[in-house]
Amino acid sequence: MIWLPIVGDYADIDAYASILAYADLLNQRGKTARTYIPMAPNYSVPEELRLPDQENATFDFQPDDEAIILDVSIPEAINRLIPDGQILEIIDHHPGYETYWQERIGNKAIIEKIGAVATSIFEWWGECWDYGKISPQIARLLLGAILDNTLNFTANTTTERDRLAAKKLTEIANTTLADYTTWYFSAVSNAIISDLPQALLNDCKPLKSPLDSTSILGFGQLTLWAAKDIIKQQEQIQKIMNANYTDWIVSIICISEQKNYILTSSSSLDSYFTKLLGLKKQNQWLISNHLYLRKEIIGKVLVASSQDTL
Ligand SMILES: [Mn+2]
């Protein structure tokens, strides 16, 4: 049996779509594969896109089973569920652990610079099976994952491969990119606004504090087409984060303005991130002059700490 688990505390659309698509591909090819998705996916998966009958909430990992890990490569998070010896494949696009996995599992780890893991999974369908066998439901999920992870193709991490995959997926999903993009991002905004605490806490990643190696920052990120309503809720965001983390940073990605709106828990973190990202203060928010994904900010933190430049 091949398992495709969500690793970590939440499921976003890139992980969710990639896991469902890859499990479907394996099952169509006669290899028994099962998803493990123990929680409802976060705001990036609108209700209309969910496929509950393909979500399996129980995990019964046997010694001769194997696992495929998608959209994450943090060793501690993976090893909580899966020992190295039972990893069949890791496909990810987050920086930091490329060498670590290369040394342990060699070319079974594919950690590459690409906009979305969903793009890799889509390409894999074409390479080892048949694009015609992707269902419109799976195509809509993969397309949503590419839009979300590339911020509608504006993120620095976007590649031609992502654009090409999205184009082919709109045909399979029987839609146009313009229609689907409008629908997807408004569905996501509605989900965030309707339950801000859940949206924030279901997209928080732990990051070693750049100021104090013994402390862990909660790093929240929300991706919206327009940020104007959410930035008015600054006090509520602070309340939610303070109730759950001592040290934290929240990054609101505003796709239409191509900016991040950032809040942190302290003035020392404010000045750290201001220097790191060249931010400007406007009202209570720190604002960037171009868009940063969380994985890019974390990448910059890692580089700065290794060079001790900040
Ligand atoms: Mn991803």
# chains A, B, ... in the order shown; residues from 1 in each chain; ligands from 1
>>> residues_near_ligand(ligand="ligand 1", cutoff="12 Å", atoms="only C-alpha atoms and all ligand atoms", output="PyMOL selection string")
chain A and resi 11-19+44+69-73+91-95+111-121+142+144-151+157-158+162+293-295
>>> residues_around(residues="Ile68 (chain A)", least_positions_apart="3", cutoff="8 Å", atoms="only C-alpha atoms", output="short mmCIF file (atom, residue, chain, number, x, y, z; two decimals) with N, CA, C and O atoms, in the first residue's frame")
data_model
loop_
_atom_site.label_atom_id
_atom_site.label_comp_id
_atom_site.auth_asym_id
_atom_site.auth_seq_id
_atom_site.Cartn_x
_atom_site.Cartn_y
_atom_site.Cartn_z
N ILE A 2 0.48 2.20 -0.82
CA ILE A 2 1.19 3.49 -0.84
C ILE A 2 0.29 4.55 -0.17
O ILE A 2 -0.87 4.72 -0.56
N TRP A 3 0.85 5.22 0.82
CA TRP A 3 0.10 6.27 1.52
C TRP A 3 0.55 7.65 1.03
O TRP A 3 1.73 7.87 0.79
N LEU A 4 -0.42 8.54 0.95
CA LEU A 4 -0.11 9.95 0.65
C LEU A 4 -0.69 10.80 1.77
O LEU A 4 -1.85 11.19 1.74
N PRO A 5 0.12 11.05 2.81
CA PRO A 5 -0.40 11.76 3.99
C PRO A 5 -0.21 13.28 3.93
O PRO A 5 0.73 13.77 3.31
N ILE A 87 10.03 5.95 2.94
CA ILE A 87 9.67 7.04 2.04
C ILE A 87 9.92 6.61 0.60
O ILE A 87 11.04 6.26 0.23
N LEU A 88 8.88 6.60 -0.19
CA LEU A 88 9.00 6.22 -1.60
C LEU A 88 9.46 7.43 -2.42
O LEU A 88 10.24 7.31 -3.35
N GLU A 89 8.97 8.61 -2.05
CA GLU A 89 9.26 9.81 -2.83
C GLU A 89 8.91 11.06 -2.00
O GLU A 89 7.96 11.02 -1.22
N ILE A 90 9.70 12.12 -2.18
CA ILE A 90 9.32 13.44 -1.63
C ILE A 90 9.32 14.41 -2.81
O ILE A 90 10.32 14.52 -3.52
N ILE A 91 8.21 15.08 -3.03
CA ILE A 91 8.17 16.11 -4.07
C ILE A 91 7.78 17.42 -3.40
O ILE A 91 6.70 17.52 -2.80
#
>>> closest_residue(among="A:Glu171, A:Asp229, A:Asp308, A:Asp270", to="Ile192 (chain A)", atoms="only C-alpha atoms")
A:Asp229
>>> residues_around(residues="Thr182 (chain A)", least_positions_apart="2", cutoff="12 Å", atoms="only C-alpha atoms", output="ChimeraX atom specification")
/A:144,147,152,175-180,184-189,224-226,256
>>> write_last_selection(atoms="N, CA, C and O atoms", output="mmCIF file, in the first residue's frame")
data_model
loop_
_atom_site.group_PDB
_atom_site.id
_atom_site.type_symbol
_atom_site.label_atom_id
_atom_site.label_comp_id
_atom_site.auth_asym_id
_atom_site.auth_seq_id
_atom_site.Cartn_x
_atom_site.Cartn_y
_atom_site.Cartn_z
ATOM 1 N N GLY A 144 -6.572 25.381 -9.078
ATOM 2 C CA GLY A 144 -6.652 26.251 -7.896
ATOM 3 C C GLY A 144 -5.326 26.287 -7.163
ATOM 4 O O GLY A 144 -4.868 27.345 -6.708
ATOM 5 N N LEU A 147 -2.897 28.524 -9.077
ATOM 6 C CA LEU A 147 -3.254 29.944 -8.892
ATOM 7 C C LEU A 147 -2.857 30.425 -7.503
ATOM 8 O O LEU A 147 -2.291 31.503 -7.337
ATOM 9 N N ASN A 152 -1.539 33.838 -8.682
ATOM 10 C CA ASN A 152 -2.000 34.181 -10.030
ATOM 11 C C ASN A 152 -0.829 34.510 -10.962
ATOM 12 O O ASN A 152 -0.880 35.463 -11.729
ATOM 13 N N THR A 175 -13.194 25.199 -18.552
ATOM 14 C CA THR A 175 -13.423 26.568 -18.121
ATOM 15 C C THR A 175 -12.405 27.461 -18.837
ATOM 16 O O THR A 175 -11.657 26.979 -19.696
ATOM 17 N N THR A 176 -12.404 28.755 -18.518
ATOM 18 C CA THR A 176 -11.338 29.627 -19.011
ATOM 19 C C THR A 176 -10.541 30.108 -17.804
ATOM 20 O O THR A 176 -11.062 30.128 -16.680
ATOM 21 N N LEU A 177 -9.316 30.510 -18.046
ATOM 22 C CA LEU A 177 -8.469 30.946 -16.939
ATOM 23 C C LEU A 177 -9.078 32.179 -16.267
ATOM 24 O O LEU A 177 -9.111 32.286 -15.040
ATOM 25 N N ALA A 178 -9.611 33.101 -17.081
ATOM 26 C CA ALA A 178 -10.191 34.331 -16.516
ATOM 27 C C ALA A 178 -11.389 34.007 -15.615
ATOM 28 O O ALA A 178 -11.473 34.481 -14.476
ATOM 29 N N ASP A 179 -12.301 33.173 -16.095
ATOM 30 C CA ASP A 179 -13.484 32.829 -15.290
ATOM 31 C C ASP A 179 -13.096 32.104 -14.011
ATOM 32 O O ASP A 179 -13.583 32.402 -12.928
ATOM 33 N N TYR A 180 -12.218 31.132 -14.165
ATOM 34 C CA TYR A 180 -11.865 30.328 -12.998
ATOM 35 C C TYR A 180 -11.123 31.170 -11.963
ATOM 36 O O TYR A 180 -11.357 31.042 -10.758
ATOM 37 N N TYR A 184 -12.251 31.542 -8.227
ATOM 38 C CA TYR A 184 -11.426 30.954 -7.169
ATOM 39 C C TYR A 184 -11.080 31.994 -6.096
ATOM 40 O O TYR A 184 -11.290 31.771 -4.914
ATOM 41 N N PHE A 185 -10.549 33.148 -6.515
ATOM 42 C CA PHE A 185 -10.087 34.105 -5.508
ATOM 43 C C PHE A 185 -11.254 34.749 -4.745
ATOM 44 O O PHE A 185 -11.093 35.097 -3.581
ATOM 45 N N SER A 186 -12.420 34.869 -5.358
ATOM 46 C CA SER A 186 -13.520 35.416 -4.555
ATOM 47 C C SER A 186 -14.033 34.366 -3.572
ATOM 48 O O SER A 186 -14.384 34.694 -2.438
ATOM 49 N N ALA A 187 -14.021 33.097 -3.953
ATOM 50 C CA ALA A 187 -14.413 32.040 -3.006
ATOM 51 C C ALA A 187 -13.466 32.014 -1.811
ATOM 52 O O ALA A 187 -13.876 31.871 -0.655
ATOM 53 N N VAL A 188 -12.159 32.189 -2.069
ATOM 54 C CA VAL A 188 -11.169 32.180 -0.995
ATOM 55 C C VAL A 188 -11.357 33.392 -0.063
ATOM 56 O O VAL A 188 -11.349 33.253 1.162
ATOM 57 N N SER A 189 -11.555 34.586 -0.651
ATOM 58 C CA SER A 189 -11.767 35.781 0.175
ATOM 59 C C SER A 189 -12.980 35.612 1.078
ATOM 60 O O SER A 189 -12.938 35.951 2.261
ATOM 61 N N LEU A 224 -5.010 37.024 -0.471
ATOM 62 C CA LEU A 224 -6.284 37.592 -0.902
ATOM 63 C C LEU A 224 -6.118 38.357 -2.197
ATOM 64 O O LEU A 224 -5.037 38.872 -2.486
ATOM 65 N N TRP A 225 -7.184 38.458 -2.959
ATOM 66 C CA TRP A 225 -7.149 39.276 -4.158
ATOM 67 C C TRP A 225 -7.018 40.746 -3.756
ATOM 68 O O TRP A 225 -6.180 41.470 -4.271
ATOM 69 N N ALA A 226 -7.853 41.190 -2.800
ATOM 70 C CA ALA A 226 -7.806 42.576 -2.314
ATOM 71 C C ALA A 226 -7.716 42.548 -0.796
ATOM 72 O O ALA A 226 -8.442 41.808 -0.148
ATOM 73 N N SER A 256 -3.837 41.938 -5.962
ATOM 74 C CA SER A 256 -4.153 43.044 -6.877
ATOM 75 C C SER A 256 -3.173 44.208 -6.731
ATOM 76 O O SER A 256 -2.852 44.873 -7.697
#
>>> select_by_dssp(residues="region 88-290 of chain A", states="alpha helix (DSSP H)", output="JSON, numbers by chain")
{"A": [98, 99, 100, 101, 102, 103, 104, 105, 117, 118, 119, 120, 121, 122, 123, 124, 125, 126, 127, 128, 136, 137, 138, 139, 140, 141, 142, 143, 144, 145, 146, 147, 148, 149, 160, 161, 162, 163, 164, 165, 166, 167, 168, 169, 170, 171, 172, 177, 178, 179, 180, 181, 182, 183, 184, 185, 186, 187, 188, 189, 190, 191, 192, 193, 194, 196, 197, 198, 199, 200, 201, 234, 235, 236, 237, 238, 239, 240, 241, 242, 243, 244, 267, 268, 269, 270, 271, 272, 273, 274, 275, 276, 277]}
>>> select_by_dssp(residues="region 78-127 of chain A", states="strand (DSSP E)", output="MDAnalysis selection string")
chainID A and resid 87:92 109:111
>>> write_last_selection(atoms="all heavy atoms", output="short mmCIF file (atom, residue, chain, number, x, y, z; two decimals), in the first residue's frame")
data_model
loop_
_atom_site.label_atom_id
_atom_site.label_comp_id
_atom_site.auth_asym_id
_atom_site.auth_seq_id
_atom_site.Cartn_x
_atom_site.Cartn_y
_atom_site.Cartn_z
N ILE A 87 10.03 5.95 2.94
CA ILE A 87 9.67 7.04 2.04
C ILE A 87 9.92 6.61 0.60
O ILE A 87 11.04 6.26 0.23
CB ILE A 87 10.49 8.32 2.35
CG1 ILE A 87 10.18 8.82 3.77
CG2 ILE A 87 10.20 9.42 1.32
CD1 ILE A 87 11.05 9.97 4.23
N LEU A 88 8.88 6.60 -0.19
CA LEU A 88 9.00 6.22 -1.60
C LEU A 88 9.46 7.43 -2.42
O LEU A 88 10.24 7.31 -3.35
CB LEU A 88 7.64 5.71 -2.09
CG LEU A 88 7.54 5.15 -3.50
CD1 LEU A 88 8.52 4.01 -3.71
CD2 LEU A 88 6.11 4.68 -3.78
N GLU A 89 8.97 8.61 -2.05
CA GLU A 89 9.26 9.81 -2.83
C GLU A 89 8.91 11.06 -2.00
O GLU A 89 7.96 11.02 -1.22
CB GLU A 89 8.34 9.80 -4.07
CG GLU A 89 8.86 10.42 -5.31
CD GLU A 89 7.93 10.13 -6.50
OE1 GLU A 89 6.75 9.81 -6.31
OE2 GLU A 89 8.41 10.23 -7.63
N ILE A 90 9.70 12.12 -2.18
CA ILE A 90 9.32 13.44 -1.63
C ILE A 90 9.32 14.41 -2.81
O ILE A 90 10.32 14.52 -3.52
CB ILE A 90 10.33 13.95 -0.58
CG1 ILE A 90 10.33 13.04 0.66
CG2 ILE A 90 10.02 15.40 -0.16
CD1 ILE A 90 11.35 13.47 1.72
N ILE A 91 8.21 15.08 -3.03
CA ILE A 91 8.17 16.11 -4.07
C ILE A 91 7.78 17.42 -3.40
O ILE A 91 6.70 17.52 -2.80
CB ILE A 91 7.15 15.76 -5.18
CG1 ILE A 91 7.50 14.39 -5.80
CG2 ILE A 91 7.14 16.85 -6.27
CD1 ILE A 91 6.52 13.93 -6.86
N ASP A 92 8.67 18.41 -3.45
CA ASP A 92 8.42 19.65 -2.73
C ASP A 92 9.04 20.82 -3.47
O ASP A 92 9.82 20.65 -4.42
CB ASP A 92 8.99 19.55 -1.30
CG ASP A 92 8.54 20.71 -0.43
OD1 ASP A 92 7.49 21.33 -0.72
OD2 ASP A 92 9.25 21.04 0.55
N ALA A 109 14.11 12.16 -3.69
CA ALA A 109 13.69 13.50 -3.27
C ALA A 109 13.76 14.45 -4.46
O ALA A 109 14.82 14.62 -5.05
CB ALA A 109 14.58 14.02 -2.14
N ILE A 110 12.63 15.01 -4.83
CA ILE A 110 12.61 15.98 -5.94
C ILE A 110 12.14 17.31 -5.34
O ILE A 110 10.96 17.54 -5.15
CB ILE A 110 11.63 15.51 -7.04
CG1 ILE A 110 12.04 14.12 -7.53
CG2 ILE A 110 11.60 16.52 -8.19
CD1 ILE A 110 10.95 13.38 -8.25
N ILE A 111 13.12 18.13 -4.95
CA ILE A 111 12.78 19.43 -4.36
C ILE A 111 13.29 20.48 -5.32
O ILE A 111 14.49 20.70 -5.44
CB ILE A 111 13.43 19.58 -2.95
CG1 ILE A 111 12.98 18.40 -2.07
CG2 ILE A 111 13.02 20.92 -2.33
CD1 ILE A 111 13.64 18.35 -0.71
#
